[in-house]
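Reproduced below: final03.cif, with mmCIF, C-alpha atoms.
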data_final
loop_
_atom_site.label_atom_id
_atom_site.label_comp_id
_atom_site.auth_asym_id
_atom_site.auth_seq_id
_atom_site.Cartn_x
_atom_site.Cartn_y
_atom_site.Cartn_z
CA MET A 150 69.50 -48.08 15.47
CA LYS A 151 67.53 -45.82 17.75
CA PHE A 152 65.83 -44.02 14.91
CA PHE A 153 65.10 -47.27 13.25
CA LEU A 154 63.44 -48.63 16.36
CA LYS A 155 61.67 -45.36 17.01
CA SER A 156 60.12 -45.40 13.59
CA PHE A 157 59.02 -48.95 14.17
CA ILE A 158 57.22 -48.14 17.38
CA PHE A 159 55.60 -44.95 16.19
CA VAL A 160 54.72 -45.92 12.65
CA LEU A 161 53.56 -49.42 13.28
CA PRO A 162 50.47 -48.63 15.33
CA LEU A 163 49.05 -47.05 12.18
CA SER A 164 49.28 -50.40 10.43
CA GLY A 165 46.62 -51.72 12.72
CA ALA A 166 46.52 -52.15 16.46
CA PHE A 167 44.95 -55.08 18.19
CA ALA A 168 41.41 -54.99 19.49
CA GLU A 169 40.03 -51.53 20.05
CA GLY A 170 39.38 -52.45 23.64
CA GLN A 171 43.12 -52.40 24.37
CA LYS A 172 43.01 -48.91 25.80
CA SER A 173 39.98 -49.43 27.93
CA ALA A 174 41.26 -52.81 29.15
CA GLY A 175 44.16 -51.10 30.87
CA LEU A 176 47.28 -53.21 30.87
CA PRO A 177 48.22 -54.53 27.42
CA GLN A 178 49.25 -57.70 29.26
CA MET A 179 45.56 -58.43 29.87
CA ASP A 180 44.52 -58.16 26.24
CA ILE A 181 43.61 -61.73 25.43
CA SER A 182 43.41 -61.08 21.69
CA THR A 183 47.20 -60.78 21.53
CA PHE A 184 47.82 -64.12 23.26
CA PRO A 185 47.62 -66.48 20.27
CA SER A 186 50.11 -64.38 18.33
CA GLN A 187 52.53 -64.15 21.24
CA LEU A 188 52.31 -67.86 21.96
CA PHE A 189 52.67 -68.76 18.30
CA TRP A 190 55.79 -66.66 17.80
CA LEU A 191 57.20 -67.67 21.15
CA ILE A 192 56.93 -71.32 20.15
CA ILE A 193 58.55 -70.66 16.78
CA THR A 194 61.42 -68.52 18.05
CA PHE A 195 62.12 -70.60 21.12
CA THR A 196 62.05 -73.83 19.15
CA ALA A 197 64.49 -72.31 16.68
CA LEU A 198 66.75 -71.24 19.55
CA TYR A 199 66.43 -74.64 21.21
CA LEU A 200 67.39 -76.48 18.04
CA PHE A 201 70.27 -74.09 17.46
CA MET A 202 71.55 -74.62 20.99
CA TRP A 203 70.97 -78.36 20.98
CA LYS A 204 72.42 -79.15 17.56
CA PHE A 205 74.98 -76.44 17.03
CA VAL A 206 76.18 -74.68 20.19
CA ILE A 207 76.32 -77.32 22.88
CA PRO A 208 78.21 -80.05 20.96
CA ARG A 209 80.81 -77.57 19.73
CA LEU A 210 81.27 -75.71 22.99
CA GLY A 211 81.29 -78.99 24.87
CA THR A 212 84.04 -80.46 22.71
CA THR A 213 86.05 -77.25 22.83
CA ILE A 214 85.89 -77.18 26.61
CA GLU A 215 86.67 -80.90 26.81
CA GLU A 216 89.62 -80.47 24.45
CA ARG A 217 90.95 -77.64 26.56
CA LYS A 218 90.54 -79.72 29.72
CA ASP A 219 92.37 -82.61 28.03
CA LYS A 220 95.10 -80.31 26.79
CA ILE A 221 95.59 -78.81 30.23
CA SER A 222 95.66 -82.19 31.95
CA ASN A 223 98.05 -83.51 29.27
CA ASP A 224 100.30 -80.54 29.76
CA ILE A 225 100.20 -81.03 33.51
CA ASN A 226 101.06 -84.70 33.01
CA ASP A 227 103.94 -83.79 30.71
CA ALA A 228 105.19 -81.27 33.22
CA GLU A 229 104.97 -83.84 36.01
CA ASN A 230 106.85 -86.39 33.90
CA LEU A 231 109.56 -83.90 33.09
CA ASN A 232 109.71 -82.90 36.72
CA SER A 233 110.16 -86.49 37.88
CA GLU A 234 112.76 -87.02 35.16
CA ALA A 235 114.63 -83.95 36.32
CA SER A 236 114.51 -85.08 39.93
CA LYS A 237 115.75 -88.50 38.83
CA ILE A 238 118.65 -86.87 37.05
CA LEU A 239 119.35 -84.80 40.15
CA GLU A 240 119.30 -87.98 42.25
CA ASN A 241 121.69 -89.66 39.82
CA TYR A 242 123.94 -86.67 39.93
CA GLU A 243 123.97 -86.62 43.71
CA GLU A 244 124.63 -90.35 43.82
CA LYS A 245 127.53 -89.93 41.42
CA MET A 246 128.82 -87.01 43.41
CA ASN A 247 128.66 -89.08 46.58
CA SER A 248 130.42 -92.07 45.03
CA ALA A 249 133.02 -89.79 43.48
CA SER A 250 133.76 -88.15 46.80
CA LEU A 251 133.98 -91.59 48.42
CA GLU A 252 136.35 -92.72 45.70
CA SER A 253 138.48 -89.66 46.04
CA ASN A 254 138.58 -90.12 49.82
CA GLU A 255 139.74 -93.67 49.27
CA ILE A 256 142.42 -92.52 46.81
CA VAL A 257 143.59 -89.89 49.26
CA SER A 258 143.74 -92.34 52.14
CA ASN A 259 145.46 -94.94 49.93
CA SER A 260 148.10 -92.53 48.79
CA LYS A 261 148.54 -91.36 52.36
CA ALA A 262 149.13 -94.96 53.40
CA THR A 263 151.64 -95.61 50.63
CA MET A 264 153.35 -92.35 51.44
CA ASN A 265 153.56 -93.30 55.10
CA GLU A 266 154.86 -96.74 54.18
CA TYR A 267 157.46 -95.21 51.93
CA LEU A 268 158.43 -92.73 54.63
CA ASP A 269 158.67 -95.47 57.23
CA LYS A 270 160.82 -97.57 54.94
CA LEU A 271 163.00 -94.57 54.20
CA LYS A 272 163.32 -93.86 57.90
CA LYS A 273 164.30 -97.46 58.65
CA ASP A 274 166.83 -97.58 55.82
CA ASN A 275 168.33 -94.35 56.93
CA GLU A 276 168.46 -95.52 60.54
CA ILE A 277 170.30 -98.65 59.48
CA LYS A 278 172.65 -96.59 57.39
CA ILE A 279 173.14 -94.11 60.18
CA ASN A 280 173.75 -96.89 62.67
CA ALA A 281 176.27 -98.46 60.35
CA MET A 282 177.98 -95.14 59.91
CA ILE A 283 177.93 -94.59 63.70
CA THR A 284 179.54 -97.94 64.41
CA LYS A 285 182.05 -97.36 61.66
CA SER A 286 183.01 -93.97 62.95
CA GLU A 287 183.08 -95.33 66.52
CA LYS A 288 185.52 -97.98 65.37
CA LYS A 289 187.58 -95.36 63.59
CA ILE A 290 187.56 -93.18 66.67
CA HIS A 291 188.58 -96.15 68.78
CA GLN A 292 191.37 -97.02 66.35
CA GLN A 293 192.59 -93.46 66.24
CA LYS A 294 192.32 -93.28 70.00
CA GLN A 295 194.47 -96.42 70.34
CA GLN A 296 196.83 -95.18 67.67
CA SER A 297 197.19 -91.82 69.30
CA GLU A 298 197.63 -93.50 72.70
CA GLN A 299 200.40 -95.62 71.28
CA GLU A 300 201.95 -92.62 69.60
CA ILE A 301 201.72 -90.66 72.83
CA LYS A 302 203.31 -93.63 74.63
CA LYS A 303 206.09 -93.85 72.04
CA ALA A 304 206.67 -90.11 72.15
CA THR A 305 206.74 -90.22 75.93
CA ILE A 306 209.24 -93.09 75.81
CA ASP A 307 211.35 -91.19 73.31
CA THR A 308 211.20 -88.06 75.39
CA ILE A 309 212.07 -89.98 78.55
CA LYS A 310 214.89 -91.74 76.70
CA SER A 311 216.36 -88.47 75.51
CA ILE A 312 215.99 -86.90 78.94
CA VAL A 313 217.45 -89.90 80.71
CA SER A 314 220.37 -90.17 78.22
CA LYS A 315 221.50 -86.75 79.35
CA TYR A 316 221.81 -87.86 82.99
CA VAL A 317 222.32 -91.64 82.85
CA GLU A 318 224.79 -93.73 80.85
CA THR A 319 222.74 -96.79 80.54
CA ILE A 320 219.80 -96.12 78.52
CA PRO A 321 216.80 -98.25 79.51
CA THR A 322 215.14 -100.21 76.85
CA ASP A 323 211.73 -99.35 75.70
CA ASP A 324 210.27 -102.28 77.50
CA GLU A 325 211.73 -101.20 80.77
CA ILE A 326 210.35 -97.70 80.38
CA SER A 327 206.96 -98.81 79.46
CA LYS A 328 207.06 -101.14 82.45
CA LYS A 329 207.88 -98.28 84.72
CA LEU A 330 205.31 -95.97 83.07
CA ASN A 331 202.59 -98.36 83.65
CA MET B 1131 48.23 -43.16 20.39
CA ALA B 1132 51.67 -42.00 21.45
CA ALA B 1133 50.63 -38.42 20.86
CA ASP B 1134 47.76 -38.72 23.33
CA ASN B 1135 50.05 -39.15 26.30
CA PRO B 1136 53.74 -39.13 25.49
CA ILE B 1137 54.78 -40.30 28.94
CA ASP B 1138 52.22 -43.01 29.38
CA PRO B 1139 54.36 -45.65 31.17
CA ILE B 1140 52.19 -48.46 29.85
CA HIS B 1141 52.58 -47.47 26.22
CA GLN B 1142 55.86 -49.40 25.95
CA PHE B 1143 54.02 -52.65 26.64
CA GLU B 1144 51.46 -52.25 23.87
CA ILE B 1145 51.53 -54.80 21.14
CA SER B 1146 51.18 -53.59 17.58
CA LYS B 1147 51.00 -55.60 14.42
CA ILE B 1148 53.73 -55.56 11.84
CA ALA B 1149 52.28 -58.10 9.46
CA GLU B 1150 48.79 -59.51 9.66
CA MET B 1151 48.58 -63.30 9.69
CA GLN B 1152 45.75 -65.68 10.39
CA ILE B 1153 45.56 -69.43 10.70
CA ALA B 1154 42.10 -70.98 10.96
CA GLY B 1155 40.65 -67.67 12.00
CA ILE B 1156 43.13 -67.20 14.84
CA ASP B 1157 45.09 -63.96 14.76
CA ILE B 1158 48.77 -64.84 14.81
CA SER B 1159 50.08 -61.59 13.33
CA PHE B 1160 53.77 -60.83 13.45
CA THR B 1161 53.93 -58.11 16.11
CA ASN B 1162 56.58 -56.01 17.81
CA SER B 1163 56.65 -58.69 20.50
CA SER B 1164 57.45 -61.30 17.84
CA LEU B 1165 60.08 -58.98 16.41
CA PHE B 1166 61.88 -58.72 19.73
CA MET B 1167 61.66 -62.46 20.26
CA VAL B 1168 63.45 -62.74 16.93
CA PHE B 1169 65.96 -60.11 18.10
CA ALA B 1170 66.60 -62.08 21.28
CA ILE B 1171 67.30 -65.35 19.50
CA ALA B 1172 69.29 -63.48 16.84
CA ALA B 1173 71.45 -61.90 19.56
CA THR B 1174 71.99 -65.33 21.12
CA MET B 1175 72.83 -66.87 17.77
CA ILE B 1176 75.22 -64.06 16.86
CA LEU B 1177 76.96 -64.43 20.21
CA PHE B 1178 77.47 -68.14 19.71
CA ILE B 1179 78.24 -68.02 16.00
CA LEU B 1180 80.94 -65.43 16.62
CA GLY B 1181 82.09 -67.26 19.73
CA LEU B 1182 82.35 -70.56 17.89
CA SER B 1183 83.74 -69.25 14.61
CA LYS B 1184 87.34 -69.80 15.64
CA ARG B 1185 87.39 -72.45 18.28
CA SER B 1186 90.78 -72.32 19.90
CA ILE B 1187 92.36 -73.61 23.06
CA ILE B 1188 93.02 -70.05 24.16
CA PRO B 1189 89.68 -68.30 23.61
CA ASN B 1190 89.16 -64.81 22.25
CA ARG B 1191 86.61 -62.47 23.82
CA MET B 1192 83.51 -63.75 22.05
CA GLN B 1193 84.50 -67.36 22.67
CA MET B 1194 85.16 -66.46 26.28
CA LEU B 1195 81.65 -64.98 26.57
CA SER B 1196 79.96 -68.00 25.06
CA GLU B 1197 82.00 -70.41 27.18
CA LEU B 1198 81.29 -68.32 30.25
CA SER B 1199 77.53 -68.54 29.69
CA TYR B 1200 77.81 -72.25 28.91
CA ASN B 1201 79.76 -72.98 32.06
CA PHE B 1202 77.50 -70.73 34.13
CA VAL B 1203 74.36 -72.63 33.15
CA ALA B 1204 76.11 -76.01 33.15
CA ASN B 1205 77.41 -75.49 36.68
CA MET B 1206 74.01 -74.26 37.84
CA LEU B 1207 72.37 -77.38 36.47
CA ARG B 1208 75.07 -79.69 37.86
CA ASP B 1209 74.95 -78.12 41.32
CA GLN B 1210 71.17 -78.31 41.52
CA VAL B 1211 70.36 -81.54 39.72
CA GLY B 1212 73.61 -83.46 39.31
CA ASP B 1213 74.58 -85.60 36.36
CA GLN B 1214 70.99 -86.69 35.73
CA GLY B 1215 70.18 -83.18 34.58
CA ARG B 1216 72.51 -83.45 31.59
CA ALA B 1217 69.65 -84.44 29.26
CA TYR B 1218 67.78 -81.22 30.04
CA PHE B 1219 70.77 -78.94 29.53
CA PRO B 1220 69.83 -77.74 26.00
CA PHE B 1221 66.44 -76.60 27.27
CA ILE B 1222 67.81 -74.92 30.41
CA PHE B 1223 70.58 -73.22 28.43
CA SER B 1224 68.16 -71.96 25.76
CA LEU B 1225 65.75 -70.81 28.45
CA PHE B 1226 68.42 -68.82 30.23
CA MET B 1227 69.79 -67.21 27.08
CA PHE B 1228 66.31 -66.35 25.78
CA ILE B 1229 65.12 -64.71 29.00
CA PHE B 1230 68.49 -63.03 29.53
CA PHE B 1231 68.49 -61.42 26.10
CA CYS B 1232 64.78 -60.53 26.23
CA ASN B 1233 65.36 -58.76 29.55
CA PHE B 1234 68.47 -56.97 28.32
CA ILE B 1235 67.13 -55.90 24.95
CA GLY B 1236 64.12 -54.54 26.80
CA LEU B 1237 66.40 -52.15 28.68
CA ILE B 1238 67.26 -50.27 25.50
CA PRO B 1239 64.97 -47.25 25.07
CA TYR B 1240 62.17 -47.62 22.47
CA THR B 1241 62.37 -51.38 22.56
CA PHE B 1242 59.82 -53.91 23.67
CA THR B 1243 60.32 -56.32 26.58
CA VAL B 1244 59.02 -59.73 25.60
CA THR B 1245 59.23 -61.05 29.16
CA SER B 1246 57.05 -58.23 30.51
CA HIS B 1247 54.01 -60.04 29.13
CA LEU B 1248 52.52 -62.54 31.53
CA ILE B 1249 51.44 -64.88 28.74
CA VAL B 1250 55.06 -65.36 27.62
CA THR B 1251 56.42 -66.07 31.10
CA PHE B 1252 53.39 -68.19 31.90
CA ALA B 1253 53.94 -70.21 28.73
CA PHE B 1254 57.45 -71.01 29.95
CA ALA B 1255 56.35 -71.64 33.52
CA GLY B 1256 53.43 -73.81 32.40
CA LEU B 1257 55.65 -75.80 30.07
CA ILE B 1258 58.18 -76.31 32.85
CA PHE B 1259 55.44 -77.28 35.30
CA LEU B 1260 53.96 -79.82 32.92
CA ALA B 1261 57.37 -81.18 31.92
CA VAL B 1262 58.52 -81.48 35.52
CA THR B 1263 55.32 -83.24 36.54
CA ILE B 1264 55.56 -85.67 33.63
CA ILE B 1265 59.25 -86.32 34.28
CA GLY B 1266 58.50 -86.83 37.96
CA PHE B 1267 55.83 -89.46 37.29
CA MET B 1268 57.90 -91.10 34.54
CA LYS B 1269 61.02 -91.46 36.68
CA ASN B 1270 59.35 -92.31 39.99
CA GLY B 1271 55.92 -93.66 39.09
CA LEU B 1272 53.39 -93.02 41.81
CA GLY B 1273 56.32 -92.59 44.20
CA TYR B 1274 56.46 -89.04 42.91
CA LEU B 1275 53.48 -88.29 45.16
CA ARG B 1276 55.93 -88.45 48.06
CA ILE B 1277 56.85 -84.83 47.38
CA PHE B 1278 53.48 -83.91 48.93
CA TYR B 1279 54.40 -85.69 52.15
CA PRO B 1280 58.02 -84.96 53.11
CA SER B 1281 59.70 -87.72 55.10
CA GLY B 1282 60.14 -87.24 58.82
CA ILE B 1283 56.78 -85.56 59.35
CA PRO B 1284 54.54 -87.11 62.03
CA ILE B 1285 51.44 -88.75 60.60
CA PHE B 1286 48.98 -86.54 62.50
CA LEU B 1287 50.40 -83.51 60.68
CA ALA B 1288 49.67 -85.07 57.29
CA PRO B 1289 46.19 -83.53 56.89
CA LEU B 1290 47.82 -80.15 57.36
CA ILE B 1291 51.05 -80.65 55.41
CA VAL B 1292 49.72 -82.46 52.35
CA PRO B 1293 47.23 -79.75 51.27
CA ILE B 1294 49.87 -77.07 51.85
CA GLU B 1295 52.38 -79.01 49.74
CA ILE B 1296 49.81 -79.55 46.99
CA ILE B 1297 48.91 -75.86 46.92
CA SER B 1298 52.54 -74.81 46.90
CA TYR B 1299 53.23 -77.28 44.08
CA LEU B 1300 50.33 -76.01 42.00
CA SER B 1301 51.27 -72.38 42.59
CA LYS B 1302 54.81 -72.89 41.34
CA PRO B 1303 54.07 -71.96 37.69
CA ILE B 1304 52.11 -68.91 38.81
CA SER B 1305 54.81 -67.60 41.14
CA LEU B 1306 57.49 -68.38 38.60
CA SER B 1307 55.79 -66.52 35.76
CA VAL B 1308 54.46 -63.61 37.82
CA ARG B 1309 57.86 -63.01 39.42
CA LEU B 1310 59.61 -62.46 36.10
CA CYS B 1311 56.77 -60.60 34.42
CA ALA B 1312 56.06 -58.30 37.37
CA ASN B 1313 59.73 -57.45 37.80
CA MET B 1314 60.03 -56.47 34.16
CA LEU B 1315 56.72 -54.61 34.13
CA ALA B 1316 57.36 -52.65 37.31
CA GLY B 1317 60.98 -51.85 36.52
CA HIS B 1318 60.28 -50.61 33.02
CA SER B 1319 57.23 -48.60 34.13
CA ILE B 1320 59.24 -46.84 36.84
CA LEU B 1321 62.02 -46.09 34.37
CA LYS B 1322 59.48 -44.59 31.98
CA ILE B 1323 57.80 -42.55 34.73
CA PHE B 1324 61.09 -41.04 35.85
CA ALA B 1325 62.09 -40.38 32.28
CA GLY B 1326 58.77 -38.53 31.96
CA PHE B 1327 59.62 -36.47 35.07
CA ILE B 1328 62.82 -35.33 33.40
CA VAL B 1329 60.83 -34.00 30.47
CA MET B 1330 58.19 -32.37 32.65
CA LEU B 1331 60.58 -30.65 35.04
CA GLY B 1332 62.66 -29.13 32.26
CA PHE B 1333 65.71 -27.47 33.82
CA LEU B 1334 65.16 -29.18 37.18
CA GLY B 1335 65.06 -32.50 35.41
CA PHE B 1336 68.61 -33.34 36.39
CA ALA B 1337 67.42 -34.62 39.79
CA PRO B 1338 65.23 -37.39 38.33
CA LEU B 1339 67.96 -37.93 35.73
CA ILE B 1340 70.44 -38.88 38.46
CA PHE B 1341 67.84 -41.13 40.00
CA LEU B 1342 67.13 -42.62 36.58
CA VAL B 1343 70.78 -43.48 36.07
CA VAL B 1344 70.92 -45.29 39.42
CA LEU B 1345 67.62 -46.99 38.71
CA TYR B 1346 68.84 -48.06 35.30
CA ALA B 1347 71.85 -49.74 36.87
CA LEU B 1348 69.52 -51.50 39.28
CA GLU B 1349 67.27 -52.59 36.40
CA THR B 1350 70.31 -53.98 34.59
CA LEU B 1351 71.08 -56.03 37.66
CA ILE B 1352 67.46 -57.17 37.91
CA ALA B 1353 67.40 -58.15 34.24
CA ALA B 1354 70.31 -60.53 34.80
CA LEU B 1355 69.11 -61.62 38.22
CA GLN B 1356 65.59 -62.51 37.06
CA ALA B 1357 66.96 -64.60 34.19
CA TYR B 1358 69.14 -66.37 36.75
CA ILE B 1359 66.28 -66.85 39.23
CA PHE B 1360 63.94 -68.20 36.57
CA THR B 1361 66.56 -70.68 35.41
CA ILE B 1362 67.70 -71.82 38.83
CA LEU B 1363 64.10 -72.34 39.98
CA THR B 1364 63.57 -74.47 36.90
CA CYS B 1365 66.62 -76.49 37.93
CA ILE B 1366 65.27 -76.85 41.48
CA TYR B 1367 61.87 -78.04 40.23
CA LEU B 1368 63.63 -80.46 37.93
CA ASN B 1369 65.67 -81.76 40.84
CA ASP B 1370 62.46 -82.26 42.85
CA ALA B 1371 61.07 -84.28 39.98
CA LEU B 1372 64.19 -86.45 39.69
CA HIS B 1373 64.78 -86.85 43.44
CA PRO B 1374 61.40 -86.54 45.19
CA ASP B 1375 62.86 -87.64 48.54
CA HIS B 1376 63.83 -84.39 50.18
#
Please rewrite the model in this file as structure tokens.
Amino acid sequence: MKFFLKSFIFVLPLSGAFAEGQKSAGLPQMDISTFPSQLFWLIITFTALYLFMWKFVIPRLGTTIEERKDKISNDINDAENLNSEASKILENYEEKMNSASLESNEIVSNSKATMNEYLDKLKKDNEIKINAMITKSEKKIHQQKQQSEQEIKKATIDTIKSIVSKYVETIPTDDEISKKLN
Amino acid sequence: MAADNPIDPIHQFEISKIAEMQIAGIDISFTNSSLFMVFAIAATMILFILGLSKRSIIPNRMQMLSELSYNFVANMLRDQVGDQGRAYFPFIFSLFMFIFFCNFIGLIPYTFTVTSHLIVTFAFAGLIFLAVTIIGFMKNGLGYLRIFYPSGIPIFLAPLIVPIEIISYLSKPISLSVRLCANMLAGHSILKIFAGFIVMLGFLGFAPLIFLVVLYALETLIAALQAYIFTILTCIYLNDALHPDH
């Protein structure tokens, strides 16, 4: 590249420089004889570039950038939709969790109540039974008490009778003894 | 010519013919200047043809470069002019790419810098000046003359302000063209002079070499910066034409 350009610069002057006065005029920028050529080629090249940019580059680049913008905003929209969906699902889940815990609380309290009822009933039944058994056994005790009292009385009478028979001829009747005992 | 004075800093700006051409007696020969104009548009075209060859959502490097330059110029135009500037985007974009590549190709040793010639930059500046003036009068009618009398200025200052505004308006194409051309001319001359010092000093030439490297980096910056300045000033002038009320 460098050699190529070098050869251009150093060989080309031989092919004919512009006006001879170029050297004496000082700056090449001030050499008016080069102006038409510069302007002419500037117009040609810049027009070519302008048309290229206008017709080829800008529409394509513009659409590419627009497409990317659209794609990004679409993706952001999608992400937002999915996000809201996910939060909805989370909400649902929490709601369900809440209702489930409420339900379970209810079930627990219900079963507690039935259990208490059952226990109360059982208690009452047992109390009745126990009371019945108490009265029954009290009766039995009373009966046995009376029976044993009578037996004790009878035994006492018998004992007294046998004792008295050893010292007295007339044996008192039972009625007499019991009268005296009382 | 080169043998006369091998380190003549002006030699790089000389225009030499490659092919002689004439139309109606006017010399329009294809010169080294024309060749580097062709190189500049060829470089631009290659950049965009490669960049657009595989248009994808996720760009490759060349596509990235072309989109970067597109967005750079598009944002510049939108910031300065707004949506009304959309119609002038092809011109502004071509202008930027042309000057940018002319400046950059000129930095390569043994090349020619198209934008170092005042006639080229003045052709652009004059075209822009004419176009802006015509657009201004087309969009605003005679109301465009308001740019010579900014609102909020007391009437007794008008005799002072209006001539100043008119002179500054008329000097726009001159300042625009001279700024670019002089920057290129001065920068490239200094580079050539210091390169000549390296040759002349022989062994001690490393000192100017270091300076040359730094200067070359600076010139690279200036090449990009001047393309930017030329383009953004064009946008500002265009904005003045479309919205003459300051």
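Residue nearest chain B, chosen from A:Met246, A:Ser236, A:Leu198, A:Ile193 and counting all atoms listed in the file: A:Leu198.
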Using all atoms listed in the file, pick whichever of B:His1247, B:Ile1264, B:Gly1332, B:Phe1234 has the shortest atom-to-atom distance to A:Pro177.
B:His1247
Give me the stretch 1236-1308 of chain B side of the contact with stretch 1135-1152 of chain B, cut-off 8 Å, one line per residue showing its nearest atom pair and distance in Å at one decimal, counting all atoms listed in the file, sorted by chain and residue number, as a Markdown table.
| residue | atom | partner | partner_atom | distance |
| --- | --- | --- | --- | --- |
| B:Tyr1240 | CA | B:Gln1142 | CA | 7.4 |
| B:Thr1241 | CA | B:Gln1142 | CA | 7.6 |
| B:Phe1242 | CA | B:Gln1142 | CA | 6.4 |
| B:Thr1243 | CA | B:Phe1143 | CA | 7.3 |
| B:Ser1246 | CA | B:Phe1143 | CA | 7.4 |
| B:His1247 | CA | B:Phe1143 | CA | 7.8 |
Pick from A:Ala197, A:Met282, A:Ile207, A:Ala262: nearest to B:Arg1216, with all atoms listed in the file counted?
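Under the stated criterion, the closest residue is A:Ile207.
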Excluding B:Leu1207 and any residue of its chain fewer than 2 positions from it, enumerate the residues within 10 Å of it, using all atoms listed in the file, and give them as a PyMOL selection string.
chain B and resi 1201-1205+1209-1216+1218-1219+1222-1223+1361-1362+1364-1366+1368-1369
Since I can't run it myself right now, could you work out what the PyMOL selection byres ((chain B) within 8 of (chain A)) selects here and report it as a PyMOL selection string?
chain B and resi 1131-1132+1140+1143-1148+1156-1164+1167-1168+1171+1175+1178+1182+1185-1187+1197+1200+1220-1221+1223-1224+1228+1239-1241+1246-1250+1253
Suppose you want the space between atom CA of B:Leu1363 and atom CA of B:Ala1173; what is it in Å?
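Here the two named atoms are 24.1 Å from each other.
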In Å, how far is it from atom CA of B:Gly1256 to atom CA of B:Ile1297?
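Value for the atom CA of B:Gly1256-atom CA of B:Ile1297 distance: 15.3 Å.
Applied to the file shown here, the PyMOL selection byres ((chain B and resi 1345) around 12) selects the residues Leu1237, Ala1316, Gly1317, His1318, Ser1319, Ile1320, Leu1321, Lys1322, Ile1323, Phe1324, Ala1325, Pro1338, Leu1339, Ile1340, Phe1341, Leu1342, Val1343, Val1344, Tyr1346, Ala1347, Leu1348, Glu1349, Thr1350, Leu1351 and Ile1352 of chain B.
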